[in-house]
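Student: Let me give you the structure first, and then I'll get to my questions.
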Amino acid sequence: MTDWRRLDPRMLVVAPARALVRLVPVLLVLLVTGRGDDPVRLWISAGITVLVVLAGIVRWRTTKYRITPERVELHSGWIRRQRRSVPRDRIRTVDLTATPLHRLFRLDVVVVHAAGTGVEHRHGGLELDAVAATEGEGLRAELLDRGAARPAEPSDEVELARLDWTWVRFAPLTFSALAGIGAVAAAAFNLAGELGLSPRRMAVDAVAARLSNAPLWLAIGIVGLALLALAVVGSVVIFVERWWGYRLLRENGRLHVRRGLLTTRSLTVAEDRLRGVGVHEPLLLRAGRGAQTRALSTGLGRNAQSGALQPPAPRAEAHRVAAAALARLHPGEAPDPTRATLHRHPRAALRRRLSRALVPVAVLVVATVVVGRVWPAWDWLWPTALVLLPLAALLAWDRYRALGHTLTPTYLVSRLGGFSRRTVAVQRTGIVGWRVRQSVFQRRAGLVTLEAVTAAGDGGYPILDVDPVTAVDLVEQTTPGLLSAAGSRTARA
Amino acid sequence: MGSAPELAESPMGSATQLAESPMGSAPELAESPVGTGVARPPSLLLGQHDPMQTVPTALPLRPPAHRVDPRARTWWLLRGLGVAAGIALPQLVVALVLGGPGWLWGTLGATVVVGLVYAAVVPGVLFRIHRWEVTDEAVYTLSGWLVREWRIAPISRVQTVDTEHGPLQQLLGLASVTVTTASARGPVVIRALAAGDAAELARQLTETTQAMPGDAT
């Protein structure tokens, strides 16, 4: 199969349609607003449409790809020609996404992520936008199939997890959802603005006028409640859109995550490229006893949702999925590394957390006291700032309690973080280097930060503030023979 | 910045002494940096070899065997002076041409003093700290000043080896060797080697890693 292939011809419709949808506000402004029927505006709109359609044709004509036994190649562009090529044995994950428009025409966008060295890595994936949905599944199988490397297993599809609608309760506890609401609100505001409607004049001002007559605490309370309600509703909507029909499957040595209501997404990770898992517990989610498991695999993108193996879910479910995802990597061993008992870090680590949290706040307090002295009108500021001190101390304590690490037969497990706590289990054989850092303050405290460097995920997973002797022991135990050069090289290959 | 001289003596002194101790007496190896046949302590671990060497705050690893090229001091000096000049010149221009505010002369003076102190102290400190070594198993470097950093990359995981000469480094006949692994989290860089040594090291490392099977991820 070494012929050059084109994208699906239906893209001749979909690509211009998508561009036009984005241009709707501009076109509307051109057509609707303004006085009199000026033919120029019509002509400009028609011109834009023709250009967009032409661009779609050029794009389709100039884009071609092929899959040779060794490489996947993609040529695209007319004026700025791009030639991208990925060795097939470097392919780590294949994503299929379909926006509502793509789904209408039964198309799939295929994104191929490859393990990269340096430059290649930063470019993200190789994107085929788009191929027929039926072809997409075939392409994925073709791209991830590494030929004779794997004995032909029976095509067993095992469901590891599926959506439980009671998990919607975690939706308002995620920050990404809150950010999503902001985006939606901003988009609505902008659109209204472009249409010449002023939401401020229509609604906001009227409400503001009423509220300004009410007592201050009531006004603040009402606005706060309104925002909260918006946040809850918005986050639930986003949750439903993102995780509708969620299923986690194992099939032929691959993990599939399928999800999405309007835009369907399907992530596939080759199991032998899995380097571990991370259980993430952002502060709010943790308060609600929730967590989310993400895969650590080479070649995943870097955005917040990348590698998510499940929606925000109960903590026990997160750990269960983590264990299930790793189950095949080391048959015979009961892998539940994210729930392993971790070693505490020394007390000096607590002192360091405390000083790092309290010193900036103390500086702030001193600054507010000075401000209060100079401008008596701001005298109320420093008691307010004083409240932050115990809060900071609490956070520091919480962060210290998170710190921990341990070494299981196959995983290096570490945990850190207060606002965004995460427990990460990295496969010992997936560690491709070590980094030890010691600042002046850490030197005084007799601590170091040990970072296990891997090709997967963030690239490095730090173990914060450990005893130097412990750090070196960990390195030597995790990668035996690396430090004591007596170890034989071939034994570890 | 003013506290730099103390730093060089007190806490940092522990590692510096280590470097000068009998075990770290490797500087003479620096003439043949890539020499594999040269006798050297087999293990990077301290402790079981020398129980007297109890280092409470620094890492219980012996420092890498080789220093960087002595010309590195000049390199760091020039870079430091360059940065200082970059900060001082605009201030001078504003003060002279626009007759800027009086305090500008104060900050200008401070910039010059800090720059000079840095130039006098830091290159030496950096030279004492920066070390590197390639063992049979790993590429091992120690760098940093206020934040000390040890990096260990297993030879079996090395993907590419590059040499690099910046303009200043070329002027001084220096080069850096960059050893990348599959991780996005930064390569191991050995800075300021003599250009010839760097090329030789890169050649040997490339040869070794090419002999390794697998894709090192």
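Within each chain, counting starts at residue 1; across the structure tokens, chains are named A, B, ... in the order shown, with ligands numbered 1 upward in that order.
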List every residue of chain A that has an atom at most 7 Å from any atom of chain B, giving for each one its closest atom pair and the distance in Å to one decimal, counting only C-alpha atoms, sorted by chain and then by ascending residue number, as CSV.
Tutor:
```
residue,atom,partner,partner_atom,distance
A:Thr117,CA,B:Ala182,CA,5.7
A:Gly118,CA,B:Ala184,CA,6.6
A:Gly430,CA,B:Thr217,CA,6.9
A:Val432,CA,B:Arg157,CA,5.7
A:Gly433,CA,B:Ala153,CA,4.4
A:Trp434,CA,B:Ile152,CA,5.0
A:Arg435,CA,B:Arg151,CA,4.5
A:Val436,CA,B:Trp150,CA,4.9
A:Arg437,CA,B:Glu149,CA,4.5
A:Gln438,CA,B:Arg148,CA,5.1
A:Ser439,CA,B:Val147,CA,4.0
A:Val440,CA,B:Leu146,CA,5.7
A:Arg443,CA,B:Thr57,CA,5.5
A:Arg444,CA,B:Thr57,CA,7.0
A:Gly446,CA,B:Thr57,CA,4.2
A:Leu447,CA,B:Thr57,CA,6.8
A:Val453,CA,B:Ser183,CA,6.4
A:Thr454,CA,B:Ser183,CA,5.2
A:Ala455,CA,B:Ser183,CA,3.9
A:Gly459,CA,B:Arg185,CA,4.9
A:Gly460,CA,B:Arg185,CA,5.9
A:Pro468,CA,B:Leu59,CA,5.1
A:Val469,CA,B:Pro60,CA,6.1
A:Val472,CA,B:Pro60,CA,7.0
A:Leu482,CA,B:Glu137,CA,5.6
A:Leu483,CA,B:Leu44,CA,5.2
A:Ser484,CA,B:Ser43,CA,4.1
A:Ala485,CA,B:Ser43,CA,5.3
A:Ala486,CA,B:Pro42,CA,6.9
A:Arg489,CA,B:Glu137,CA,6.9
```
Student: For the residues in that selection, give me N, CA and C atoms as a PDB file, in the first residue's frame.
Tutor:
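Printed below is result25.pdb as written:
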```pdb
ATOM      1  N   THR A 117      12.244  13.008  18.871  1.00  0.00           N
ATOM      2  CA  THR A 117      13.422  13.501  19.552  1.00  0.00           C
ATOM      3  C   THR A 117      13.435  14.983  19.273  1.00  0.00           C
ATOM      4  N   GLY A 118      13.506  15.757  20.319  1.00  0.00           N
ATOM      5  CA  GLY A 118      13.672  17.199  20.184  1.00  0.00           C
ATOM      6  C   GLY A 118      12.660  17.853  19.266  1.00  0.00           C
ATOM      7  N   GLY A 430      11.034   2.670  32.036  1.00  0.00           N
ATOM      8  CA  GLY A 430      10.733   3.827  31.191  1.00  0.00           C
ATOM      9  C   GLY A 430      11.536   5.058  31.581  1.00  0.00           C
ATOM     10  N   VAL A 432      14.589   7.316  31.547  1.00  0.00           N
ATOM     11  CA  VAL A 432      15.729   7.455  30.639  1.00  0.00           C
ATOM     12  C   VAL A 432      16.775   8.433  31.163  1.00  0.00           C
ATOM     13  N   GLY A 433      16.741   8.725  32.453  1.00  0.00           N
ATOM     14  CA  GLY A 433      17.759   9.606  32.984  1.00  0.00           C
ATOM     15  C   GLY A 433      17.335  10.166  34.323  1.00  0.00           C
ATOM     16  N   TRP A 434      18.273  10.867  34.952  1.00  0.00           N
ATOM     17  CA  TRP A 434      17.984  11.433  36.265  1.00  0.00           C
ATOM     18  C   TRP A 434      18.511  12.849  36.321  1.00  0.00           C
ATOM     19  N   ARG A 435      17.841  13.624  37.147  1.00  0.00           N
ATOM     20  CA  ARG A 435      18.266  14.996  37.332  1.00  0.00           C
ATOM     21  C   ARG A 435      18.106  15.278  38.820  1.00  0.00           C
ATOM     22  N   VAL A 436      19.138  15.781  39.445  1.00  0.00           N
ATOM     23  CA  VAL A 436      19.065  16.130  40.860  1.00  0.00           C
ATOM     24  C   VAL A 436      19.351  17.613  40.984  1.00  0.00           C
ATOM     25  N   ARG A 437      18.464  18.341  41.628  1.00  0.00           N
ATOM     26  CA  ARG A 437      18.674  19.775  41.779  1.00  0.00           C
ATOM     27  C   ARG A 437      18.725  20.132  43.252  1.00  0.00           C
ATOM     28  N   GLN A 438      19.576  21.106  43.569  1.00  0.00           N
ATOM     29  CA  GLN A 438      19.685  21.559  44.938  1.00  0.00           C
ATOM     30  C   GLN A 438      19.926  23.062  44.942  1.00  0.00           C
ATOM     31  N   SER A 439      18.943  23.799  45.443  1.00  0.00           N
ATOM     32  CA  SER A 439      19.101  25.245  45.528  1.00  0.00           C
ATOM     33  C   SER A 439      19.890  25.577  46.787  1.00  0.00           C
ATOM     34  N   VAL A 440      20.237  26.838  46.928  1.00  0.00           N
ATOM     35  CA  VAL A 440      20.976  27.270  48.114  1.00  0.00           C
ATOM     36  C   VAL A 440      20.201  26.905  49.378  1.00  0.00           C
ATOM     37  N   ARG A 443      20.244  23.277  50.103  1.00  0.00           N
ATOM     38  CA  ARG A 443      21.554  22.874  50.607  1.00  0.00           C
ATOM     39  C   ARG A 443      21.607  23.094  52.112  1.00  0.00           C
ATOM     40  N   ARG A 444      21.092  24.253  52.545  1.00  0.00           N
ATOM     41  CA  ARG A 444      21.047  24.534  53.981  1.00  0.00           C
ATOM     42  C   ARG A 444      20.206  23.508  54.711  1.00  0.00           C
ATOM     43  N   GLY A 446      19.569  20.483  53.768  1.00  0.00           N
ATOM     44  CA  GLY A 446      19.969  19.099  53.541  1.00  0.00           C
ATOM     45  C   GLY A 446      18.958  18.314  52.727  1.00  0.00           C
ATOM     46  N   LEU A 447      18.436  18.937  51.669  1.00  0.00           N
ATOM     47  CA  LEU A 447      17.445  18.287  50.815  1.00  0.00           C
ATOM     48  C   LEU A 447      17.858  18.405  49.356  1.00  0.00           C
ATOM     49  N   VAL A 453      13.570  11.270  34.679  1.00  0.00           N
ATOM     50  CA  VAL A 453      13.320  11.757  33.325  1.00  0.00           C
ATOM     51  C   VAL A 453      12.783  10.605  32.477  1.00  0.00           C
ATOM     52  N   THR A 454      11.658  10.851  31.789  1.00  0.00           N
ATOM     53  CA  THR A 454      11.107   9.810  30.919  1.00  0.00           C
ATOM     54  C   THR A 454      10.740  10.412  29.574  1.00  0.00           C
ATOM     55  N   ALA A 455      10.479   9.538  28.615  1.00  0.00           N
ATOM     56  CA  ALA A 455      10.085  10.023  27.295  1.00  0.00           C
ATOM     57  C   ALA A 455       8.604  10.339  27.259  1.00  0.00           C
ATOM     58  N   GLY A 459       7.667  14.517  30.629  1.00  0.00           N
ATOM     59  CA  GLY A 459       9.086  14.356  30.365  1.00  0.00           C
ATOM     60  C   GLY A 459       9.911  14.146  31.619  1.00  0.00           C
ATOM     61  N   GLY A 460       9.389  14.617  32.753  1.00  0.00           N
ATOM     62  CA  GLY A 460      10.132  14.443  33.990  1.00  0.00           C
ATOM     63  C   GLY A 460       9.197  14.492  35.170  1.00  0.00           C
ATOM     64  N   PRO A 468      19.388  13.628  50.541  1.00  0.00           N
ATOM     65  CA  PRO A 468      20.308  13.289  49.448  1.00  0.00           C
ATOM     66  C   PRO A 468      20.666  11.806  49.405  1.00  0.00           C
ATOM     67  N   VAL A 469      20.822  11.209  50.586  1.00  0.00           N
ATOM     68  CA  VAL A 469      21.182   9.789  50.617  1.00  0.00           C
ATOM     69  C   VAL A 469      20.037   8.951  50.043  1.00  0.00           C
ATOM     70  N   VAL A 472      20.013   9.216  46.184  1.00  0.00           N
ATOM     71  CA  VAL A 472      21.005   8.379  45.500  1.00  0.00           C
ATOM     72  C   VAL A 472      20.624   6.909  45.605  1.00  0.00           C
ATOM     73  N   LEU A 482      23.703   1.829  37.381  1.00  0.00           N
ATOM     74  CA  LEU A 482      23.956   3.082  36.679  1.00  0.00           C
ATOM     75  C   LEU A 482      25.049   3.871  37.390  1.00  0.00           C
ATOM     76  N   LEU A 483      24.995   3.883  38.707  1.00  0.00           N
ATOM     77  CA  LEU A 483      25.969   4.656  39.476  1.00  0.00           C
ATOM     78  C   LEU A 483      27.190   3.819  39.821  1.00  0.00           C
ATOM     79  N   SER A 484      26.950   2.592  40.242  1.00  0.00           N
ATOM     80  CA  SER A 484      28.081   1.708  40.503  1.00  0.00           C
ATOM     81  C   SER A 484      28.362   0.998  39.201  1.00  0.00           C
ATOM     82  N   ALA A 485      29.371   1.452  38.497  1.00  0.00           N
ATOM     83  CA  ALA A 485      29.581   1.021  37.118  1.00  0.00           C
ATOM     84  C   ALA A 485      29.851  -0.472  37.001  1.00  0.00           C
ATOM     85  N   ALA A 486      29.808  -1.194  38.123  1.00  0.00           N
ATOM     86  CA  ALA A 486      30.076  -2.628  38.078  1.00  0.00           C
ATOM     87  C   ALA A 486      29.016  -3.371  37.282  1.00  0.00           C
ATOM     88  N   ARG A 489      26.258  -3.931  31.130  1.00  0.00           N
ATOM     89  CA  ARG A 489      25.353  -3.201  30.266  1.00  0.00           C
ATOM     90  C   ARG A 489      24.326  -4.117  29.624  1.00  0.00           C
TER      91      ARG A 489
END
```
Student: Just the helix (DSSP H, G or I) stuff from segment 49-216 of chain B, please, per backbone DSSP, written as a PyMOL selection string.
Tutor: chain B and resi 71-97+103-129+155-157+167-172+195-210
Student: Just checking: using only C-alpha atoms, which residue out of A:Leu139, A:Leu350, A:Leu126, A:Leu248 ends up closest to Leu267 of chain A?
Tutor: A:Leu248
Student: Env of His113 of chain A: 6 Å cut, atoms = only C-alpha atoms, seq-sep filter 4 positions within chain, self excluded. Answer as a compact mmCIF listing (two decimals) with N, CA, C and O atoms, in the first residue's frame.
Tutor:
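Written file, out.txt:
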```
# COMPACT_ATOMS: atom_id res chain seq x y z
N ILE A 91 5.39 5.57 15.87
CA ILE A 91 4.01 5.98 16.14
C ILE A 91 3.59 5.45 17.50
O ILE A 91 3.75 4.27 17.80
N ARG A 92 3.09 6.34 18.33
CA ARG A 92 2.72 5.94 19.68
C ARG A 92 1.21 5.95 19.91
O ARG A 92 0.67 5.06 20.52
N THR A 93 0.56 6.99 19.45
CA THR A 93 -0.88 7.06 19.64
C THR A 93 -1.53 7.55 18.35
O THR A 93 -0.91 8.25 17.56
N GLY A 125 1.28 16.37 16.35
CA GLY A 125 1.09 15.20 15.52
C GLY A 125 1.03 15.50 14.05
O GLY A 125 1.08 16.64 13.61
N GLY A 299 4.48 10.43 23.12
CA GLY A 299 3.77 10.90 21.94
C GLY A 299 2.37 11.41 22.18
O GLY A 299 1.61 11.57 21.25
```
Student: Just checking: using only C-alpha atoms, which residue out of B:Val161, B:Val112, B:Val134, B:Val189 ends up closest to Ala84 of chain B?
Tutor: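 Of B:Val161, B:Val112, B:Val134, B:Val189, the one nearest Ala84 of chain B, counting only C-alpha atoms, is B:Val112.
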Student: Quick one: everything within 8 Å of Val158 of chain A, counting only C-alpha atoms, minus sequence neighbours fewer than 3 positions away in the same chain. Send it as a VMD selection string.
Tutor: chain A and resid 249 to 251
Student: With only C-alpha atoms as the counted atoms, please give the residues lying no more than 10 Å from Leu12 of chain A, apart from itself and same-chain residues fewer than 3 positions off, as a PDB file with C-alpha atoms, in the first residue's frame.
Tutor:
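Contents of part.pdb, as written:
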```pdb
ATOM      1  CA  LEU A   7      -8.150  13.137   1.761  1.00  0.00           C
ATOM      2  CA  ASP A   8     -11.826  12.398   1.404  1.00  0.00           C
ATOM      3  CA  PRO A   9     -13.451  14.452  -1.405  1.00  0.00           C
ATOM      4  CA  ALA A  15     -13.444  22.621   4.877  1.00  0.00           C
ATOM      5  CA  PRO A  16     -15.079  25.684   3.246  1.00  0.00           C
ATOM      6  CA  ALA A  17     -18.201  25.171   5.357  1.00  0.00           C
ATOM      7  CA  VAL A  53     -14.203  27.592  -1.564  1.00  0.00           C
ATOM      8  CA  LEU A  54     -11.119  27.986  -3.780  1.00  0.00           C
ATOM      9  CA  ALA A  55      -8.861  27.558  -0.763  1.00  0.00           C
ATOM     10  CA  GLY A  56     -10.718  24.348   0.026  1.00  0.00           C
ATOM     11  CA  ILE A  57     -10.133  23.029  -3.488  1.00  0.00           C
ATOM     12  CA  VAL A  58      -6.452  23.960  -3.424  1.00  0.00           C
ATOM     13  CA  ARG A  59      -6.083  22.348  -0.022  1.00  0.00           C
ATOM     14  CA  TRP A  60      -7.657  19.141  -1.198  1.00  0.00           C
ATOM     15  CA  ARG A  61      -5.673  19.076  -4.445  1.00  0.00           C
TER      16      ARG A  61
END
```
Student: DSSP says strand (DSSP E) for which residues of segment 362-467 of chain A? Put them as number ranges by chain?
Tutor: A: 404-407, 411-416, 420-427, 431-438, 448-454, 460-466
Student: At a cut-off of 9 Å, using only C-alpha atoms, what residues contact segment 278-281 of chain A? Leave out same-chain residues fewer than 2 positions from it and give the result as an NGL selection string.
Tutor: :A and (276 or 283-287 or 289-296 or 315 or 318-319 or 322 or 338 or 417-426)
Student: Please produce a file of the residues just selected, as a JSON list (two decimals), in the first residue's frame, where the atoms kept are C-alpha atoms.
Tutor:
```json
[["chain", "number", "residue", "atom", "x", "y", "z"],
["A", 276, "GLY", "CA", 2.82, 4.53, 33.60],
["A", 283, "LEU", "CA", -7.90, 20.75, 45.13],
["A", 284, "LEU", "CA", -11.64, 21.09, 44.47],
["A", 285, "LEU", "CA", -11.97, 17.62, 43.02],
["A", 286, "ARG", "CA", -10.05, 16.25, 45.98],
["A", 287, "ALA", "CA", -12.45, 18.03, 48.35],
["A", 289, "ARG", "CA", -13.32, 12.85, 46.90],
["A", 290, "GLY", "CA", -12.83, 12.70, 43.17],
["A", 291, "ALA", "CA", -9.83, 12.06, 40.95],
["A", 292, "GLN", "CA", -8.91, 11.50, 37.32],
["A", 293, "THR", "CA", -6.47, 9.04, 35.81],
["A", 294, "ARG", "CA", -4.26, 9.91, 32.86],
["A", 295, "ALA", "CA", -2.01, 7.71, 30.81],
["A", 296, "LEU", "CA", 1.69, 8.38, 30.65],
["A", 315, "ARG", "CA", -11.16, 8.29, 43.82],
["A", 318, "ALA", "CA", -9.65, 6.40, 39.40],
["A", 319, "HIS", "CA", -7.25, 4.04, 41.13],
["A", 322, "ALA", "CA", -5.12, 3.14, 36.78],
["A", 338, "THR", "CA", -0.95, 4.39, 42.64],
["A", 417, "GLY", "CA", 1.11, 19.07, 45.06],
["A", 418, "GLY", "CA", -1.58, 20.90, 46.97],
["A", 419, "PHE", "CA", -3.65, 22.77, 44.41],
["A", 420, "SER", "CA", -3.01, 20.14, 41.80],
["A", 421, "ARG", "CA", -2.03, 16.97, 43.57],
["A", 422, "ARG", "CA", -0.90, 14.08, 41.47],
["A", 423, "THR", "CA", 0.27, 10.58, 42.17],
["A", 424, "VAL", "CA", 2.43, 9.33, 39.35],
["A", 425, "ALA", "CA", 3.64, 5.79, 38.77],
["A", 426, "VAL", "CA", 6.43, 5.60, 36.21]]
```
Student: Write out as a PyMOL selection string each polymer residue whose atoms come within 10 Å of Pro335 of chain A, counting only C-alpha atoms; drop sequence neighbours fewer than 2 positions from it.
Tutor: chain A and resi 322-333+337-340+408-411
Student: Give me the residues of segment 76-136 of chain B that have any atom at most 12 Å from an atom of segment 193-196 of chain B; for each, the nearest atom pair and the distance in Å, rounded to one decimal. Use only C-alpha atoms, sort by chain and number, and format it as JSON lines.
Tutor:
```
{"residue": "B:Phe127", "atom": "CA", "partner": "B:Leu193", "partner_atom": "CA", "distance": 11.6}
{"residue": "B:His130", "atom": "CA", "partner": "B:Leu193", "partner_atom": "CA", "distance": 10.9}
{"residue": "B:Arg131", "atom": "CA", "partner": "B:Leu193", "partner_atom": "CA", "distance": 10.4}
{"residue": "B:Trp132", "atom": "CA", "partner": "B:Leu193", "partner_atom": "CA", "distance": 10.0}
{"residue": "B:Glu133", "atom": "CA", "partner": "B:Leu193", "partner_atom": "CA", "distance": 11.9}
```
Student: May I have the selected residues written with N, CA and C atoms, as an mmCIF file, in the first residue's frame?
Tutor:
```cif
data_model
loop_
_atom_site.group_PDB
_atom_site.id
_atom_site.type_symbol
_atom_site.label_atom_id
_atom_site.label_comp_id
_atom_site.auth_asym_id
_atom_site.auth_seq_id
_atom_site.Cartn_x
_atom_site.Cartn_y
_atom_site.Cartn_z
ATOM 1 N N PHE B 127 33.759 27.489 37.431
ATOM 2 C CA PHE B 127 34.784 26.569 36.955
ATOM 3 C C PHE B 127 35.032 25.459 37.972
ATOM 4 N N HIS B 130 31.583 23.144 37.768
ATOM 5 C CA HIS B 130 31.233 22.426 36.535
ATOM 6 C C HIS B 130 32.179 21.269 36.269
ATOM 7 N N ARG B 131 31.614 20.083 36.186
ATOM 8 C CA ARG B 131 32.416 18.894 35.937
ATOM 9 C C ARG B 131 31.609 17.920 35.102
ATOM 10 N N TRP B 132 32.284 17.002 34.473
ATOM 11 C CA TRP B 132 31.587 16.027 33.651
ATOM 12 C C TRP B 132 32.380 14.737 33.584
ATOM 13 N N GLU B 133 31.699 13.686 33.185
ATOM 14 C CA GLU B 133 32.350 12.393 33.078
ATOM 15 C C GLU B 133 31.483 11.464 32.243
#
```
Student: Which value, in Å to one decimal, gives the distance between atom CA of Val207 of chain A and atom CA of Gly234 of chain A?
Tutor: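 Interatomic distance, atom CA of Val207 of chain A to atom CA of Gly234 of chain A: 21.2 Å.
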